[in-house]
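What's in input39.pdb: PDB, C-alpha atoms
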ATOM      1  CA  MET A  11       0.000   0.000   0.000
ATOM      2  CA  LYS A  12       2.652   2.508   1.049
ATOM      3  CA  ARG A  13       4.756   1.904  -2.056
ATOM      4  CA  GLN A  14       1.803   2.285  -4.432
ATOM      5  CA  ILE A  15       0.557   5.485  -2.816
ATOM      6  CA  ALA A  16       4.103   6.898  -2.810
ATOM      7  CA  ALA A  17       4.469   6.142  -6.519
ATOM      8  CA  ASP A  18       1.092   7.771  -7.174
ATOM      9  CA  LEU A  19       2.017  10.956  -5.319
ATOM     10  CA  LEU A  20       5.283  11.219  -7.220
ATOM     11  CA  SER A  21       3.643  10.549 -10.588
ATOM     12  CA  ILE A  22       1.178  13.455 -10.265
ATOM     13  CA  GLY A  23       3.622  15.862  -8.632
ATOM     14  CA  ALA A  24       1.738  15.949  -5.334
ATOM     15  CA  VAL A  25       5.087  15.293  -3.694
ATOM     16  CA  PHE A  26       8.101  16.844  -5.382
ATOM     17  CA  LEU A  27      11.716  16.140  -4.425
ATOM     18  CA  ARG A  28      14.377  18.719  -5.269
ATOM     19  CA  PRO A  29      17.503  18.136  -3.159
ATOM     20  CA  GLU A  30      19.709  20.313  -5.372
ATOM     21  CA  GLU A  31      17.352  23.315  -5.191
ATOM     22  CA  PRO A  32      15.698  23.168  -1.763
ATOM     23  CA  PHE A  33      12.385  24.799  -1.043
ATOM     24  CA  THR A  34      12.104  27.242   1.865
ATOM     25  CA  TRP A  35       9.411  26.563   4.436
ATOM     26  CA  ALA A  36       7.613  29.382   6.242
ATOM     27  CA  SER A  37       9.804  28.593   9.248
ATOM     28  CA  GLY A  38      12.903  29.317   7.159
ATOM     29  CA  ILE A  39      13.973  25.663   7.044
ATOM     30  CA  LYS A  40      15.489  24.558   3.753
ATOM     31  CA  SER A  41      13.646  21.482   2.556
ATOM     32  CA  PRO A  42      14.296  19.046  -0.318
ATOM     33  CA  ILE A  43      10.596  18.172  -0.459
ATOM     34  CA  TYR A  44       7.388  19.973  -1.344
ATOM     35  CA  CYS A  45       3.999  18.384  -0.724
ATOM     36  CA  ASP A  46       0.644  19.468  -2.178
ATOM     37  CA  ASN A  47      -1.865  16.672  -1.711
ATOM     38  CA  ARG A  48      -4.653  18.858  -3.107
ATOM     39  CA  LEU A  49      -3.467  17.701  -6.530
ATOM     40  CA  ILE A  50      -4.845  14.257  -5.688
ATOM     41  CA  LEU A  51      -8.346  15.655  -6.153
ATOM     42  CA  THR A  52      -7.654  16.528  -9.794
ATOM     43  CA  GLU A  53      -6.417  13.024 -10.699
ATOM     44  CA  PRO A  54      -9.378  10.586 -10.518
ATOM     45  CA  PRO A  55      -7.416   7.283 -10.714
ATOM     46  CA  VAL A  56      -5.074   8.351  -7.913
ATOM     47  CA  ARG A  57      -7.892   9.947  -5.952
ATOM     48  CA  ASN A  58      -9.954   6.757  -6.140
ATOM     49  CA  ARG A  59      -7.059   4.637  -4.920
ATOM     50  CA  VAL A  60      -6.206   7.005  -2.067
ATOM     51  CA  GLU A  61      -9.795   7.174  -0.821
ATOM     52  CA  GLN A  62     -10.333   3.408  -1.097
ATOM     53  CA  VAL A  63      -7.150   2.761   0.867
ATOM     54  CA  MET A  64      -8.182   5.368   3.429
ATOM     55  CA  LYS A  65     -11.520   3.611   3.827
ATOM     56  CA  GLU A  66      -9.766   0.267   4.332
ATOM     57  CA  VAL A  67      -7.376   1.731   6.898
ATOM     58  CA  ILE A  68     -10.200   3.265   8.915
ATOM     59  CA  THR A  69     -12.450   0.194   8.825
ATOM     60  CA  THR A  70      -9.551  -2.105   9.746
ATOM     61  CA  THR A  71      -7.893   0.054  12.414
ATOM     62  CA  TRP A  72     -11.007   1.628  13.942
ATOM     63  CA  PRO A  73     -14.006  -0.554  13.008
ATOM     64  CA  GLU A  74     -16.109   1.167  15.690
ATOM     65  CA  CYS A  75     -15.789   4.553  13.924
ATOM     66  CA  GLU A  76     -19.066   6.498  13.827
ATOM     67  CA  LEU A  77     -17.961   9.860  12.409
ATOM     68  CA  ILE A  78     -15.274  11.186  10.058
ATOM     69  CA  MET A  79     -13.903  14.679  10.682
ATOM     70  CA  GLY A  80     -11.544  16.503   8.337
ATOM     71  CA  THR A  81      -9.015  19.168   9.239
ATOM     72  CA  ALA A  82      -9.392  22.483   7.443
ATOM     73  CA  THR A  83      -8.750  22.914   4.725
ATOM     74  CA  ALA A  84      -6.818  20.164   2.971
ATOM     75  CA  GLY A  85      -8.355  17.292   4.909
ATOM     76  CA  ILE A  86     -11.968  18.245   4.231
ATOM     77  CA  ALA A  87     -12.410  16.776   0.747
ATOM     78  CA  HIS A  88     -10.658  13.520   1.622
ATOM     79  CA  ALA A  89     -12.757  13.161   4.772
ATOM     80  CA  ALA A  90     -15.917  13.744   2.754
ATOM     81  CA  ILE A  91     -15.065  11.123   0.128
ATOM     82  CA  ALA A  92     -13.978   8.521   2.687
ATOM     83  CA  ALA A  93     -17.135   9.130   4.743
ATOM     84  CA  HIS A  94     -19.251   8.740   1.602
ATOM     85  CA  LEU A  95     -17.600   5.411   0.783
ATOM     86  CA  MET A  96     -18.185   4.222   4.340
ATOM     87  CA  GLY A  97     -21.735   5.539   4.645
ATOM     88  CA  LEU A  98     -20.790   7.627   7.685
ATOM     89  CA  PRO A  99     -21.550  11.210   8.711
ATOM     90  CA  MET A 100     -18.807  13.762   8.168
ATOM     91  CA  GLY A 101     -17.827  17.213   9.337
ATOM     92  CA  TYR A 102     -14.724  19.319   9.666
ATOM     93  CA  VAL A 103     -12.773  21.399  12.138
ATOM     94  CA  ARG A 104     -11.751  24.968  11.383
ATOM     95  CA  SER A 105      -8.342  26.261  12.441
ATOM     96  CA  GLY A 106     -10.221  28.797  14.551
ATOM     97  CA  ALA A 107     -13.794  29.758  15.347
ATOM     98  CA  LYS A 108     -15.675  31.856  12.801
ATOM     99  CA  ASP A 109     -15.883  35.554  13.595
ATOM    100  CA  HIS A 110     -19.470  35.771  12.352
ATOM    101  CA  GLY A 111     -22.735  33.840  12.446
ATOM    102  CA  ARG A 112     -22.778  31.206  15.181
ATOM    103  CA  GLY A 113     -19.002  31.353  15.605
ATOM    104  CA  ASN A 114     -18.613  27.653  14.909
ATOM    105  CA  ARG A 115     -15.250  25.980  14.887
ATOM    106  CA  ILE A 116     -16.682  22.501  14.307
ATOM    107  CA  GLU A 117     -18.935  22.179  11.285
ATOM    108  CA  GLY A 118     -21.372  19.292  11.110
ATOM    109  CA  ARG A 119     -23.344  17.525  13.826
ATOM    110  CA  LEU A 120     -21.267  16.015  16.634
ATOM    111  CA  LEU A 121     -22.988  13.907  19.268
ATOM    112  CA  PRO A 122     -21.538  13.494  22.785
ATOM    113  CA  GLY A 123     -19.258  10.447  22.939
ATOM    114  CA  GLN A 124     -19.329   9.913  19.179
ATOM    115  CA  LYS A 125     -16.393   7.758  18.088
ATOM    116  CA  THR A 126     -14.463   9.901  15.636
ATOM    117  CA  VAL A 127     -11.547   9.533  13.220
ATOM    118  CA  LEU A 128      -9.722  12.650  12.043
ATOM    119  CA  VAL A 129      -8.517  12.923   8.451
ATOM    120  CA  GLU A 130      -5.416  15.012   7.680
ATOM    121  CA  ASP A 131      -3.649  15.278   4.328
ATOM    122  CA  LEU A 132      -0.133  15.781   5.704
ATOM    123  CA  ILE A 133       1.561  15.396   9.085
ATOM    124  CA  SER A 134       4.808  17.180   9.861
ATOM    125  CA  THR A 135       4.956  18.474  13.443
ATOM    126  CA  GLY A 136       1.381  17.309  14.109
ATOM    127  CA  GLY A 137       0.332  20.696  15.444
ATOM    128  CA  SER A 138      -2.760  21.269  13.315
ATOM    129  CA  VAL A 139      -4.290  17.837  13.866
ATOM    130  CA  ILE A 140      -3.543  17.980  17.604
ATOM    131  CA  ASN A 141      -5.380  21.317  17.824
ATOM    132  CA  ALA A 142      -8.304  19.878  15.873
ATOM    133  CA  ALA A 143      -8.453  16.843  18.155
ATOM    134  CA  LYS A 144      -8.436  19.100  21.219
ATOM    135  CA  ALA A 145     -11.398  21.078  19.869
ATOM    136  CA  LEU A 146     -13.324  17.888  19.138
ATOM    137  CA  ARG A 147     -12.612  16.434  22.574
ATOM    138  CA  GLU A 148     -13.768  19.646  24.235
ATOM    139  CA  ALA A 149     -16.989  19.327  22.225
ATOM    140  CA  GLY A 150     -17.518  15.778  23.517
ATOM    141  CA  ALA A 151     -16.051  13.566  20.766
ATOM    142  CA  GLU A 152     -14.175  10.356  21.493
ATOM    143  CA  ILE A 153     -11.163  10.501  19.187
ATOM    144  CA  LEU A 154     -10.184   7.033  17.992
ATOM    145  CA  GLY A 155      -7.232   8.194  15.910
ATOM    146  CA  VAL A 156      -5.897  10.080  12.933
ATOM    147  CA  VAL A 157      -5.363   8.954   9.353
ATOM    148  CA  SER A 158      -3.162  10.994   7.011
ATOM    149  CA  ILE A 159      -2.184  10.588   3.385
ATOM    150  CA  PHE A 160       1.482  11.411   3.937
ATOM    151  CA  THR A 161       3.793  11.962   6.883
ATOM    152  CA  TYR A 162       7.368  13.165   7.054
ATOM    153  CA  GLY A 163       7.939  10.722   9.890
ATOM    154  CA  MET A 164       9.828  13.298  11.921
ATOM    155  CA  ALA A 165      10.438  12.490  15.564
ATOM    156  CA  GLU A 166       8.865  15.774  16.664
ATOM    157  CA  GLY A 167       5.556  14.927  15.015
ATOM    158  CA  GLY A 168       5.400  11.379  16.340
ATOM    159  CA  ASP A 169       6.317  12.462  19.861
ATOM    160  CA  SER A 170       3.738  15.275  19.835
ATOM    161  CA  LEU A 171       0.951  12.957  18.693
ATOM    162  CA  ALA A 172       1.891  10.381  21.324
ATOM    163  CA  ARG A 173       1.831  13.007  24.080
ATOM    164  CA  ALA A 174      -1.608  14.071  22.856
ATOM    165  CA  GLY A 175      -2.808  10.476  23.077
ATOM    166  CA  LEU A 176      -3.438  10.225  19.341
ATOM    167  CA  GLN A 177      -2.889   7.015  17.425
ATOM    168  CA  TYR A 178      -2.203   7.707  13.778
ATOM    169  CA  VAL A 179      -1.792   5.781  10.551
ATOM    170  CA  SER A 180      -0.441   7.265   7.330
ATOM    171  CA  LEU A 181      -1.074   5.851   3.867
ATOM    172  CA  THR A 182       2.573   6.429   3.021
ATOM    173  CA  ASP A 183       5.601   8.154   4.496
ATOM    174  CA  PHE A 184       8.837   9.987   3.731
ATOM    175  CA  ASP A 185      11.144   6.962   3.933
ATOM    176  CA  VAL A 186       9.056   4.862   1.557
ATOM    177  CA  LEU A 187       8.619   7.772  -0.843
ATOM    178  CA  VAL A 188      12.369   8.442  -0.985
ATOM    179  CA  GLU A 189      13.026   4.757  -1.664
ATOM    180  CA  ILE A 190      10.483   4.671  -4.500
ATOM    181  CA  ALA A 191      11.772   7.975  -5.902
ATOM    182  CA  ALA A 192      15.260   6.508  -6.207
ATOM    183  CA  GLU A 193      13.954   3.309  -7.803
ATOM    184  CA  LEU A 194      11.937   5.232 -10.383
ATOM    185  CA  GLY A 195      14.643   7.772 -11.188
ATOM    186  CA  TYR A 196      13.102  10.875  -9.614
ATOM    187  CA  ILE A 197      16.279  11.313  -7.554
ATOM    188  CA  LYS A 198      19.776   9.857  -7.631
ATOM    189  CA  SER A 199      20.460   6.845  -5.443
ATOM    190  CA  GLU A 200      23.169   8.796  -3.620
ATOM    191  CA  ASP A 201      20.532  11.369  -2.597
ATOM    192  CA  VAL A 202      18.664   8.880  -0.412
ATOM    193  CA  LYS A 203      21.063   9.194   2.535
ATOM    194  CA  ARG A 204      20.967  13.003   2.301
ATOM    195  CA  LEU A 205      17.188  13.088   2.347
ATOM    196  CA  ILE A 206      16.963  10.754   5.333
ATOM    197  CA  ALA A 207      19.453  13.024   7.130
ATOM    198  CA  PHE A 208      17.083  15.948   6.474
ATOM    199  CA  ARG A 209      14.197  13.957   7.912
ATOM    200  CA  ASP A 210      16.216  13.105  11.017
ATOM    201  CA  ASN A 211      17.158  16.746  11.685
ATOM    202  CA  PRO A 212      15.501  19.371   9.445
ATOM    203  CA  THR A 213      17.336  22.260  11.092
ATOM    204  CA  ASP A 214      20.784  20.828  10.275
ATOM    205  CA  GLU A 215      21.586  21.983   6.729
ATOM    206  CA  SER A 216      24.669  19.784   6.331
ATOM    207  CA  TRP A 217      22.592  17.423   4.165
ATOM    208  CA  MET A 218      22.551  20.129   1.468
ATOM    209  CA  LYS A 219      26.308  19.779   0.914
ATOM    210  CA  GLY A 220      26.356  16.036   1.366
ATOM    211  CA  ARG A 221      28.049  16.373   4.745
ATOM    212  CA  ILE A 222      26.112  13.654   6.507
ATOM    213  CA  LYS A 223      26.894  13.343  10.186
TER     214      LYS A 223
END
Could you show the structure in this file as structure tokens?
Amino acid sequence: MKRQIAADLLSIGAVFLRPEEPFTWASGIKSPIYCDNRLILTEPPVRNRVEQVMKEVITTTWPECELIMGTATAGIAHAAIAAHLMGLPMGYVRSGAKDHGRGNRIEGRLLPGQKTVLVEDLISTGGSVINAAKALREAGAEILGVVSIFTYGMAEGGDSLARAGLQYVSLTDFDVLVEIAAELGYIKSEDVKRLIAFRDNPTDESWMKGRIK
């Protein structure tokens, strides 16, 4: 599953690797990877596979799931499609409460104690999905876990999710994607070690010059 999804993301440019010309994140970190999982929505064959796999992951890992919630904004469409395939209700969590109308942060009906799975497109530090889970818990939801399409697999994200008591499953991850990228010729084989070094410590830019510690 992880290898197929990784190959799909690479093939449509949803995940783009550029170790020789790093991207700059908002934090200022130089990154060899750029991820835009919104592109999945414009590619029906890949979209269908991603949503079917997401459905299988949720039904296998959390068979008692009663509600799917997406994180705004990138997780909303994927949550909606997965919920449709599963015949479950769906809603989403805003990054903050609206400043007009009813001031909702959670959109959709949430019943007290409802067993809920959160859908996120991408996990890096885990901050956004942890905040969404907190809002849902405060509103009475029982959070079973989180499913994401892709994760960087950084220690910070995994540790943060564990501290928040959130089990998570990702359809694919950074290590698998880098392996597939090398096999398919998206990157050079010698780049694999550099990219893993970035994943291990994003703030250490020695990977950019091949100086792997």
- Message: Evaluate the PyMOL selection byres ((chain A and resi 14-21) around 7) against this structure - the residues, as a ChimeraX atom specification, please.
- Response: /A:11-13,22-26,56,60,181-182,186-187,190
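Using the PyMOL selection byres ((chain A and resi 89) around 8) on this structure selects Ile78, Met79, Gly80, Gly85, Ile86, Ala87, His88, Ala90, Ile91, Ala92, Ala93, Met100, Gly101, Leu128 and Val129 of chain A.
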- Query: Can you tell me, as a list in words, what residues are no more than 9 Å from A:Asp201 when counting all atoms listed in the file, ignoring any on the same chain fewer than 4 positions away?
  - Reply: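 That gives Pro29, Val188, Ala192, Ile197, Leu205, Ile206 and Gly220 of chain A.
With distances restricted to only C-alpha atoms, A:Arg147 is the closest residue to A:Leu121 from A:Arg209, A:Arg48, A:Arg147, A:Arg104.
The space between atom CA of A:Ser41 and atom CA of A:Asn141 spans 24.4 Å.
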- Can you work out which one of A:Lys65, A:Lys125, A:Arg119, A:Arg173 has the shortest atom-to-atom distance to A:Met96, counting all atoms listed in the file? A:Lys65
- Query: Taking only C-alpha atoms into account, which of A:Asn114, A:Ser37, A:Thr69, A:Asn58 comes nearest A:Pro212?
  - Reply: A:Ser37
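Look at A:Leu154: the protein and nucleic acid residues within 7 Å of it, using all atoms listed in the file and passing over chain neighbours fewer than 5 places away, are Trp72, Lys125, Thr126 and Val127 of chain A.
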- Between A:Leu176, A:Ala145, A:Met64, A:Ile159, single out the one closest to A:Ile133, counting all atoms listed in the file.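 Among the listed residues, A:Ile159 lies closest to A:Ile133.
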Using the chain letters and residue numbers of this document, give as a CSV table (one decimal) with C-alpha atoms, in the frame of the given file the residues selected by the PyMOL selection byres ((chain A and resi 164) around 8).
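out_30.csv, written as the output of this step:
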chain,number,residue,atom,x,y,z
A,134,SER,CA,4.8,17.2,9.9
A,135,THR,CA,5.0,18.5,13.4
A,161,THR,CA,3.8,12.0,6.9
A,162,TYR,CA,7.4,13.2,7.1
A,163,GLY,CA,7.9,10.7,9.9
A,165,ALA,CA,10.4,12.5,15.6
A,166,GLU,CA,8.9,15.8,16.7
A,167,GLY,CA,5.6,14.9,15.0
A,168,GLY,CA,5.4,11.4,16.3
A,209,ARG,CA,14.2,14.0,7.9
A,210,ASP,CA,16.2,13.1,11.0
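Our summary of the geometry notes that atom CA of A:Leu132 is positioned 5.0 Å from atom CA of A:Phe160.
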- Message: Taking all atoms listed in the file into account, name the residue in A:Gly155, A:Phe33, A:Gly97, A:Val67 that is nearest to A:Gly175.
- Response: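 Ranked by minimum distance to A:Gly175, first place goes to A:Gly155.
One distance worth recording is that between atom CA of A:Ala149 and atom CA of A:Gly123, which is 9.2 Å.
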- Out of A:Thr213, A:Ser105, A:Thr81, A:Ser170, which residue has the shortest atom-to-atom distance to A:Val157 when counting only C-alpha atoms?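 Between A:Thr213, A:Ser105, A:Thr81, A:Ser170, the residue approaching A:Val157 most closely is A:Thr81.
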- Expected answer as a ChimeraX atom specification: all residues with atoms within 9 Å of (18.3, 23.8, 5.7), all atoms listed in the file: /A:32,34,38-42,208,212-218
